[in-house]
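What follows is the content of entry-v1.txt, which has compact mmCIF, N, CA and C atoms:
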```
# COMPACT_ATOMS: atom_id res chain seq x y z
N MET F 1 -42.50 183.38 -192.74
CA MET F 1 -43.12 182.51 -191.77
C MET F 1 -42.66 181.09 -192.04
N THR F 2 -42.25 180.41 -191.01
CA THR F 2 -41.75 179.05 -191.14
C THR F 2 -42.83 178.05 -190.74
N ALA F 3 -42.56 176.79 -190.99
CA ALA F 3 -43.49 175.73 -190.59
C ALA F 3 -43.70 175.74 -189.08
N LYS F 4 -42.65 176.05 -188.34
CA LYS F 4 -42.77 176.12 -186.88
C LYS F 4 -43.71 177.25 -186.47
N ASP F 5 -43.63 178.40 -187.14
CA ASP F 5 -44.53 179.51 -186.85
C ASP F 5 -45.99 179.13 -187.13
N ILE F 6 -46.20 178.46 -188.26
CA ILE F 6 -47.56 178.02 -188.62
C ILE F 6 -48.08 177.05 -187.56
N HIS F 7 -47.25 176.11 -187.16
CA HIS F 7 -47.63 175.15 -186.13
C HIS F 7 -47.99 175.87 -184.82
N ASN F 8 -47.19 176.86 -184.44
CA ASN F 8 -47.45 177.61 -183.21
C ASN F 8 -48.79 178.33 -183.26
N HIS F 9 -49.10 178.96 -184.40
CA HIS F 9 -50.39 179.65 -184.54
C HIS F 9 -51.55 178.68 -184.42
N LEU F 10 -51.47 177.56 -185.13
CA LEU F 10 -52.57 176.59 -185.10
C LEU F 10 -52.69 175.89 -183.76
N SER F 11 -51.57 175.63 -183.10
CA SER F 11 -51.64 174.93 -181.81
C SER F 11 -52.26 175.80 -180.72
N LYS F 12 -52.15 177.12 -180.86
CA LYS F 12 -52.80 178.01 -179.89
C LYS F 12 -54.32 177.92 -179.99
N LEU F 13 -54.81 177.51 -181.15
CA LEU F 13 -56.25 177.52 -181.40
C LEU F 13 -56.89 176.14 -181.43
N GLU F 14 -56.10 175.09 -181.35
CA GLU F 14 -56.63 173.74 -181.55
C GLU F 14 -57.65 173.32 -180.50
N ASN F 15 -57.61 173.86 -179.31
CA ASN F 15 -58.56 173.48 -178.26
C ASN F 15 -59.72 174.46 -178.11
N ASP F 16 -59.82 175.41 -179.03
CA ASP F 16 -60.90 176.39 -178.99
C ASP F 16 -62.16 175.76 -179.59
N ALA F 17 -63.14 175.46 -178.74
CA ALA F 17 -64.36 174.78 -179.16
C ALA F 17 -65.24 175.65 -180.06
N ARG F 18 -64.98 176.95 -180.12
CA ARG F 18 -65.78 177.83 -180.97
C ARG F 18 -65.43 177.69 -182.44
N LEU F 19 -64.28 177.11 -182.74
CA LEU F 19 -63.81 177.00 -184.12
C LEU F 19 -64.18 175.65 -184.73
N ASN F 20 -64.52 175.68 -186.01
CA ASN F 20 -64.80 174.44 -186.71
C ASN F 20 -63.82 174.27 -187.88
N VAL F 21 -64.04 173.26 -188.67
CA VAL F 21 -63.12 172.92 -189.75
C VAL F 21 -62.99 174.06 -190.77
N TRP F 22 -64.05 174.83 -190.99
CA TRP F 22 -64.00 175.91 -191.98
C TRP F 22 -63.19 177.09 -191.47
N HIS F 23 -63.23 177.34 -190.17
CA HIS F 23 -62.36 178.37 -189.59
C HIS F 23 -60.90 177.97 -189.80
N PHE F 24 -60.60 176.70 -189.52
CA PHE F 24 -59.22 176.24 -189.68
C PHE F 24 -58.79 176.22 -191.14
N ALA F 25 -59.72 175.92 -192.04
CA ALA F 25 -59.39 175.96 -193.47
C ALA F 25 -59.01 177.37 -193.89
N LEU F 26 -59.77 178.34 -193.43
CA LEU F 26 -59.48 179.74 -193.76
C LEU F 26 -58.19 180.20 -193.10
N LEU F 27 -57.98 179.82 -191.86
CA LEU F 27 -56.72 180.16 -191.18
C LEU F 27 -55.52 179.53 -191.87
N THR F 28 -55.66 178.30 -192.29
CA THR F 28 -54.57 177.62 -192.99
C THR F 28 -54.27 178.33 -194.30
N ALA F 29 -55.30 178.78 -195.00
CA ALA F 29 -55.10 179.52 -196.24
C ALA F 29 -54.34 180.83 -195.97
N ILE F 30 -54.72 181.53 -194.90
CA ILE F 30 -54.04 182.78 -194.54
C ILE F 30 -52.58 182.50 -194.18
N LEU F 31 -52.34 181.46 -193.40
CA LEU F 31 -50.98 181.12 -193.01
C LEU F 31 -50.14 180.65 -194.20
N THR F 32 -50.78 179.99 -195.16
CA THR F 32 -50.07 179.58 -196.38
C THR F 32 -49.61 180.81 -197.16
N LEU F 33 -50.49 181.80 -197.29
CA LEU F 33 -50.10 183.04 -197.96
C LEU F 33 -49.01 183.77 -197.19
N ALA F 34 -49.08 183.72 -195.88
CA ALA F 34 -48.04 184.35 -195.06
C ALA F 34 -46.68 183.71 -195.32
N ALA F 35 -46.67 182.38 -195.41
CA ALA F 35 -45.42 181.67 -195.68
C ALA F 35 -44.89 182.01 -197.06
N ARG F 36 -45.77 182.08 -198.05
CA ARG F 36 -45.35 182.42 -199.41
C ARG F 36 -44.78 183.83 -199.50
N GLN F 37 -45.36 184.74 -198.71
CA GLN F 37 -44.93 186.14 -198.73
C GLN F 37 -43.80 186.40 -197.74
N LYS F 38 -43.44 185.38 -196.96
CA LYS F 38 -42.41 185.53 -195.92
C LYS F 38 -42.77 186.64 -194.93
N GLN F 39 -44.05 186.65 -194.53
CA GLN F 39 -44.58 187.61 -193.58
C GLN F 39 -44.98 186.86 -192.32
N SER F 40 -45.00 187.58 -191.20
CA SER F 40 -45.42 186.91 -189.97
C SER F 40 -46.62 187.59 -189.31
N LYS F 41 -46.88 188.83 -189.61
CA LYS F 41 -48.00 189.53 -188.97
C LYS F 41 -49.04 190.00 -189.98
N THR F 42 -48.65 190.82 -190.94
CA THR F 42 -49.58 191.40 -191.90
C THR F 42 -49.42 190.72 -193.26
N ILE F 43 -50.52 190.14 -193.75
CA ILE F 43 -50.48 189.36 -194.98
C ILE F 43 -51.41 189.99 -196.01
N ASN F 44 -50.93 190.12 -197.23
CA ASN F 44 -51.76 190.60 -198.33
C ASN F 44 -52.60 189.43 -198.83
N VAL F 45 -53.90 189.64 -198.94
CA VAL F 45 -54.80 188.56 -199.33
C VAL F 45 -55.79 189.05 -200.38
N SER F 46 -56.33 188.09 -201.11
CA SER F 46 -57.46 188.37 -201.99
C SER F 46 -58.53 187.33 -201.70
N ARG F 47 -59.76 187.72 -201.86
CA ARG F 47 -60.87 186.81 -201.60
C ARG F 47 -60.75 185.57 -202.48
N ARG F 48 -60.45 185.76 -203.72
CA ARG F 48 -60.35 184.65 -204.67
C ARG F 48 -59.30 183.63 -204.22
N LYS F 49 -58.14 184.11 -203.81
CA LYS F 49 -57.06 183.22 -203.39
C LYS F 49 -57.42 182.50 -202.09
N LEU F 50 -58.00 183.23 -201.12
CA LEU F 50 -58.38 182.60 -199.85
C LEU F 50 -59.45 181.54 -200.06
N MET F 51 -60.42 181.83 -200.92
CA MET F 51 -61.47 180.86 -201.18
C MET F 51 -60.90 179.61 -201.86
N ALA F 52 -59.98 179.81 -202.79
CA ALA F 52 -59.38 178.66 -203.49
C ALA F 52 -58.55 177.81 -202.54
N LEU F 53 -57.72 178.44 -201.73
CA LEU F 53 -56.85 177.70 -200.81
C LEU F 53 -57.63 177.00 -199.70
N SER F 54 -58.72 177.61 -199.25
CA SER F 54 -59.50 177.03 -198.15
C SER F 54 -60.59 176.08 -198.64
N HIS F 55 -60.82 176.02 -199.94
CA HIS F 55 -61.85 175.18 -200.54
C HIS F 55 -63.25 175.59 -200.10
N ILE F 56 -63.42 176.86 -199.77
CA ILE F 56 -64.74 177.40 -199.47
C ILE F 56 -65.32 177.85 -200.80
N LYS F 57 -66.49 177.34 -201.15
CA LYS F 57 -67.03 177.55 -202.49
C LYS F 57 -68.02 178.70 -202.62
N THR F 58 -68.65 179.11 -201.52
CA THR F 58 -69.69 180.13 -201.64
C THR F 58 -69.30 181.40 -200.91
N LEU F 59 -69.72 182.54 -201.47
CA LEU F 59 -69.42 183.83 -200.85
C LEU F 59 -70.02 183.98 -199.45
N PRO F 60 -71.28 183.57 -199.25
CA PRO F 60 -71.83 183.71 -197.89
C PRO F 60 -71.02 182.95 -196.84
N SER F 61 -70.57 181.75 -197.17
CA SER F 61 -69.76 180.97 -196.22
C SER F 61 -68.43 181.65 -195.96
N TYR F 62 -67.79 182.11 -197.02
CA TYR F 62 -66.50 182.81 -196.87
C TYR F 62 -66.65 184.01 -195.95
N HIS F 63 -67.65 184.83 -196.21
CA HIS F 63 -67.85 186.04 -195.39
C HIS F 63 -68.22 185.69 -193.95
N LYS F 64 -69.00 184.64 -193.78
CA LYS F 64 -69.39 184.22 -192.43
C LYS F 64 -68.17 183.83 -191.60
N TYR F 65 -67.31 182.98 -192.14
CA TYR F 65 -66.16 182.50 -191.37
C TYR F 65 -65.09 183.57 -191.21
N LEU F 66 -64.93 184.42 -192.19
CA LEU F 66 -63.99 185.53 -192.06
C LEU F 66 -64.48 186.49 -190.96
N ARG F 67 -65.78 186.78 -190.96
CA ARG F 67 -66.35 187.66 -189.93
C ARG F 67 -66.20 187.05 -188.54
N GLU F 68 -66.46 185.76 -188.42
CA GLU F 68 -66.34 185.09 -187.12
C GLU F 68 -64.90 185.10 -186.61
N LEU F 69 -63.93 184.92 -187.49
CA LEU F 69 -62.53 184.99 -187.07
C LEU F 69 -62.19 186.39 -186.56
N GLN F 70 -62.80 187.41 -187.16
CA GLN F 70 -62.60 188.77 -186.68
C GLN F 70 -63.28 188.98 -185.33
N GLU F 71 -64.49 188.50 -185.19
CA GLU F 71 -65.23 188.66 -183.93
C GLU F 71 -64.54 187.93 -182.78
N LEU F 72 -63.89 186.82 -183.07
CA LEU F 72 -63.16 186.06 -182.05
C LEU F 72 -61.78 186.64 -181.79
N GLU F 73 -61.46 187.73 -182.47
CA GLU F 73 -60.18 188.44 -182.34
C GLU F 73 -58.98 187.54 -182.63
N ILE F 74 -59.13 186.71 -183.65
CA ILE F 74 -58.04 185.87 -184.12
C ILE F 74 -57.30 186.59 -185.24
N ILE F 75 -58.07 187.32 -186.06
CA ILE F 75 -57.47 188.11 -187.13
C ILE F 75 -58.08 189.50 -187.14
N LYS F 76 -57.38 190.42 -187.78
CA LYS F 76 -57.92 191.74 -188.07
C LYS F 76 -57.88 191.86 -189.58
N TYR F 77 -59.04 192.08 -190.19
CA TYR F 77 -59.16 192.16 -191.63
C TYR F 77 -59.25 193.63 -192.03
N ILE F 78 -58.37 194.04 -192.93
CA ILE F 78 -58.35 195.42 -193.42
C ILE F 78 -58.65 195.38 -194.91
N PRO F 79 -59.92 195.65 -195.28
CA PRO F 79 -60.29 195.53 -196.69
C PRO F 79 -59.72 196.66 -197.54
N SER F 80 -59.49 196.34 -198.79
CA SER F 80 -59.09 197.33 -199.78
C SER F 80 -60.20 197.37 -200.82
N TYR F 81 -60.70 198.54 -201.07
CA TYR F 81 -61.77 198.66 -202.05
C TYR F 81 -61.23 199.07 -203.40
N HIS F 82 -59.92 199.14 -203.53
CA HIS F 82 -59.27 199.48 -204.79
C HIS F 82 -58.96 198.18 -205.53
N PRO F 83 -59.37 198.06 -206.80
CA PRO F 83 -59.16 196.80 -207.50
C PRO F 83 -57.69 196.43 -207.71
N GLY F 84 -56.79 197.40 -207.64
CA GLY F 84 -55.38 197.11 -207.84
C GLY F 84 -54.61 196.82 -206.57
N CYS F 85 -55.25 197.00 -205.42
CA CYS F 85 -54.58 196.78 -204.12
C CYS F 85 -55.26 195.64 -203.40
N LYS F 86 -54.46 194.79 -202.80
CA LYS F 86 -55.02 193.66 -202.05
C LYS F 86 -55.39 194.08 -200.64
N SER F 87 -56.32 193.34 -200.07
CA SER F 87 -56.70 193.54 -198.68
C SER F 87 -55.59 192.97 -197.79
N GLU F 88 -55.66 193.28 -196.51
CA GLU F 88 -54.65 192.79 -195.57
C GLU F 88 -55.33 192.07 -194.42
N VAL F 89 -54.64 191.06 -193.92
CA VAL F 89 -55.07 190.34 -192.72
C VAL F 89 -53.91 190.43 -191.73
N GLU F 90 -54.24 190.83 -190.51
CA GLU F 90 -53.24 190.86 -189.45
C GLU F 90 -53.57 189.74 -188.47
N LEU F 91 -52.59 188.91 -188.17
CA LEU F 91 -52.78 187.83 -187.20
C LEU F 91 -52.67 188.38 -185.79
N LEU F 92 -53.67 188.11 -184.97
CA LEU F 92 -53.71 188.64 -183.60
C LEU F 92 -53.32 187.58 -182.57
N VAL F 93 -53.19 186.34 -182.97
CA VAL F 93 -52.82 185.28 -182.03
C VAL F 93 -51.38 184.87 -182.22
```

Full structure transcribed into structure tokens:
Amino acid sequence: MTAKDIHNHLSKLENDARLNVWHFALLTAILTLAARQKQSKTINVSRRKLMALSHIKTLPSYHKYLRELQELEIIKYIPSYHPGCKSEVELLV
């Protein structure tokens, strides 16, 4: 994923009044991981890494904004319950 791809994803959502700064922080963290992994659709994520990159400090807040991004059909979250495998996030926008 390039800087242009990241810009395109965020610009599609910048006028969405349903989103706040924490949604964008979490999205930016997901897009940062996508760029590091050179992925454009399906990104391997961990809760710890997403919370650190987005500066979200509490579990309830993290789960709230992740759930809302799923409900708004911006992302599809595929959890992994295996400690050795990371969860996946698919970008829908």

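Atom C of Glu88 in chain F to atom C of Asp16 in chain F spans 23.1 Å [interatomic distance, one decimal].
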
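Taking only chain F, the residues that DSSP calls strand (DSSP E) from the backbone come to Thr42, Ile43, Asn44, Val45, Ile75, Lys76, Tyr77, Ile78, Ser87, Glu88, Val89, Glu90 and Leu91 of chain F.
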
Practice problem: Please measure the separation of CA of Ser80 in chain F and CA of His55 in chain F, giving the value in Å to one decimal. | Solution: 22.3 Å

Quiz item: Around (-56.0, 189.0, -185.8) in the file's own coordinates, what residues are found within 8 Å if you use only N, CA and C atoms, given back as a list in words?
Solution: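 Residues close enough to count: Leu69, Gln70, Leu72, Glu73, Ile74, Ile75, Lys76, Tyr77, Val89, Glu90, Leu91, Leu92 and Val93 of chain F.
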
Quiz item: Could you state the separation of atom C of Val21 in chain F and CA of Ile56 in chain F in Å, given to one decimal place?
Solution: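 Value for the atom C of Val21 in chain F-CA of Ile56 in chain F distance: 9.5 Å.
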